[in-house]
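Chemist: Quick one: this structure, given as structure tokens, is what I'll be asking you about.
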Amino acid sequence: MFLGRYRHNLDSKDRLTIPAKFRDFLAEDLYFVQGFDRNVMAMSTPTFEKITQRLAELSITDSDVRLLNRRILGTATLETIDKNGRVLLPDFLIEEVDLGKELVLVGQGEYFEIWSPEEWAKQIAAQLDIEANNQRFKVLDLRLGSK
């Protein structure tokens, strides 16, 4: 499971070193997909296959489904992790979400996200807005025990 937050830099060839704790959950390949919040999502092959199987169950006559397919399938790339734990981050994803050399990697369970520090700072600000969070999360049932 991808957990935690790490800061890493792209090298001169736009390669990202995957944190060692994240590498434990990966084989030799990694899928990159444009995220939903000016970020990049990175996932293992089994996770990507779960998503594509679910997409295949949706009707392509629905315009939102076609848009989602374009977002996920149209931006997906499969990259190989080298023996040093580095992987090439595709140029078009770097450009489309405006990533620089410094990156923030954030674990999300079955995948992790790649953010610019500036965009990640906006996410932190949203997480720290107590009043907004009270409204956002009140519909979720996150009880730890049974009732």
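Chain identifiers are assigned as A, B, and so on, following the order in which chains appear in the structure tokens; residues are numbered from 1 within each chain, and ligands are numbered from 1 in order of appearance.
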Run DSSP on the backbone and grab whatever in chain A lands in strand (DSSP E); send it over as a PyMOL selection string.
Modeler: chain A and resi 5-9+15-17+29-34+40-43+77-80+86-88+102-107+111-115
Chemist: For the selection you just gave me, I'd like the residues written to a file as a tab-separated table (two decimals), in the first residue's frame, keeping N, CA and C atoms.
Modeler:
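Result written to result.tsv:
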```
chain	number	residue	atom	x	y	z
A	5	ARG	N	4.32	10.68	2.40
A	5	ARG	CA	4.63	11.79	1.50
A	5	ARG	C	6.15	11.92	1.40
A	6	TYR	N	6.63	12.14	0.17
A	6	TYR	CA	8.06	12.25	-0.08
A	6	TYR	C	8.32	13.40	-1.04
A	7	ARG	N	9.47	14.01	-0.90
A	7	ARG	CA	9.92	15.04	-1.86
A	7	ARG	C	11.08	14.43	-2.65
A	8	HIS	N	10.96	14.50	-3.96
A	8	HIS	CA	12.01	14.00	-4.85
A	8	HIS	C	12.16	14.98	-6.01
A	9	ASN	N	13.30	14.91	-6.67
A	9	ASN	CA	13.56	15.76	-7.82
A	9	ASN	C	13.67	14.90	-9.08
A	15	ARG	N	13.90	11.71	-15.14
A	15	ARG	CA	13.67	10.46	-14.43
A	15	ARG	C	13.38	10.76	-12.96
A	16	LEU	N	12.44	10.02	-12.44
A	16	LEU	CA	12.03	10.14	-11.05
A	16	LEU	C	12.52	8.92	-10.29
A	17	THR	N	13.16	9.12	-9.16
A	17	THR	CA	13.53	8.00	-8.30
A	17	THR	C	12.34	7.69	-7.42
A	29	ASP	N	7.35	-2.28	-13.73
A	29	ASP	CA	6.65	-1.30	-14.55
A	29	ASP	C	5.77	-0.40	-13.69
A	30	LEU	N	5.47	0.77	-14.22
A	30	LEU	CA	4.63	1.73	-13.54
A	30	LEU	C	3.81	2.49	-14.57
A	31	TYR	N	2.51	2.56	-14.35
A	31	TYR	CA	1.64	3.34	-15.22
A	31	TYR	C	1.52	4.76	-14.68
A	32	PHE	N	1.61	5.72	-15.58
A	32	PHE	CA	1.35	7.13	-15.25
A	32	PHE	C	0.09	7.55	-15.98
A	33	VAL	N	-0.76	8.30	-15.29
A	33	VAL	CA	-2.01	8.80	-15.85
A	33	VAL	C	-2.18	10.23	-15.35
A	34	GLN	N	-2.68	11.10	-16.21
A	34	GLN	CA	-2.98	12.46	-15.74
A	34	GLN	C	-4.04	12.38	-14.66
A	40	VAL	N	-0.25	14.02	-11.35
A	40	VAL	CA	-0.08	12.78	-12.10
A	40	VAL	C	-0.33	11.64	-11.13
A	41	MET	N	-1.06	10.63	-11.58
A	41	MET	CA	-1.30	9.43	-10.78
A	41	MET	C	-0.35	8.34	-11.28
A	42	ALA	N	0.24	7.61	-10.35
A	42	ALA	CA	1.15	6.51	-10.70
A	42	ALA	C	0.63	5.25	-10.04
A	43	MET	N	0.57	4.16	-10.83
A	43	MET	CA	-0.01	2.93	-10.29
A	43	MET	C	0.63	1.69	-10.89
A	77	THR	N	0.55	5.98	-19.73
A	77	THR	CA	1.79	5.49	-20.30
A	77	THR	C	2.37	4.44	-19.36
A	78	LEU	N	2.95	3.44	-19.93
A	78	LEU	CA	3.61	2.38	-19.16
A	78	LEU	C	5.11	2.60	-19.28
A	79	GLU	N	5.76	2.74	-18.13
A	79	GLU	CA	7.20	2.98	-18.10
A	79	GLU	C	7.88	1.91	-17.26
A	80	THR	N	9.11	1.62	-17.60
A	80	THR	CA	9.89	0.60	-16.89
A	80	THR	C	10.76	1.26	-15.83
A	86	ARG	N	14.66	4.21	-10.79
A	86	ARG	CA	14.26	5.41	-11.52
A	86	ARG	C	13.32	5.06	-12.65
A	87	VAL	N	12.43	6.01	-12.96
A	87	VAL	CA	11.49	5.82	-14.05
A	87	VAL	C	11.33	7.15	-14.78
A	88	LEU	N	11.18	7.07	-16.09
A	88	LEU	CA	11.02	8.27	-16.90
A	88	LEU	C	9.60	8.80	-16.74
A	102	GLU	N	11.30	19.82	-8.88
A	102	GLU	CA	10.98	19.37	-7.53
A	102	GLU	C	9.56	18.83	-7.50
A	103	LEU	N	9.37	17.67	-6.88
A	103	LEU	CA	8.08	17.00	-6.86
A	103	LEU	C	7.71	16.55	-5.45
A	104	VAL	N	6.41	16.42	-5.22
A	104	VAL	CA	5.91	15.84	-3.98
A	104	VAL	C	5.15	14.57	-4.37
A	105	LEU	N	5.53	13.44	-3.79
A	105	LEU	CA	4.87	12.16	-4.04
A	105	LEU	C	4.02	11.84	-2.81
A	106	VAL	N	2.74	11.54	-3.06
A	106	VAL	CA	1.80	11.35	-1.97
A	106	VAL	C	1.10	10.00	-2.13
A	107	GLY	N	1.27	9.12	-1.15
A	107	GLY	CA	0.63	7.82	-1.18
A	107	GLY	C	-0.88	7.92	-1.07
A	111	TYR	N	-2.46	3.59	-5.24
A	111	TYR	CA	-1.67	4.37	-6.20
A	111	TYR	C	-1.02	5.52	-5.45
A	112	PHE	N	-0.15	6.26	-6.13
A	112	PHE	CA	0.38	7.48	-5.52
A	112	PHE	C	0.28	8.62	-6.52
A	113	GLU	N	0.28	9.82	-5.97
A	113	GLU	CA	0.15	11.02	-6.79
A	113	GLU	C	1.48	11.76	-6.83
A	114	ILE	N	1.67	12.49	-7.94
A	114	ILE	CA	2.87	13.31	-8.12
A	114	ILE	C	2.39	14.75	-8.32
A	115	TRP	N	2.88	15.64	-7.47
A	115	TRP	CA	2.45	17.04	-7.45
A	115	TRP	C	3.63	17.99	-7.57
```
Chemist: Extract, using only C-alpha atoms, all DNA, RNA and protein residues at most 9 Å from Ala27 (chain A), discarding same-chain residues fewer than 3 positions from it, and format them as a list in words.
Modeler: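 Residues near the query, excluding close chain neighbours: Arg23, Asp24, Leu30, Ser44, Thr45 and Ile81 of chain A.
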Chemist: If you run DSSP on this backbone, which residues of region 31-120 of chain A come out as helix (DSSP H, G or I), and could you give them as a PyMOL selection string?
Modeler: chain A and resi 45-56+63-72+91-96+117-120
Chemist: Give the answer as one residue: which of A:Ser63, A:Thr75, A:Gln53, A:Asn84 has the shortest atom-to-atom distance to Val97 (chain A), using only C-alpha atoms?
Modeler: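 Looking only at the distances to Val97 (chain A), the closest residue turns out to be A:Thr75.
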Chemist: Between A:Thr61, A:Ser116, A:Thr52, A:Asn133, which one has atoms that come closest to Lys101 (chain A), using only C-alpha atoms?
Modeler: A:Ser116
Chemist: What is the distance, in Å and to one decimal place, between CA of Leu10 (chain A) and CA of Gly35 (chain A)?
Modeler: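 Interatomic distance, CA of Leu10 (chain A) to CA of Gly35 (chain A): 18.3 Å.
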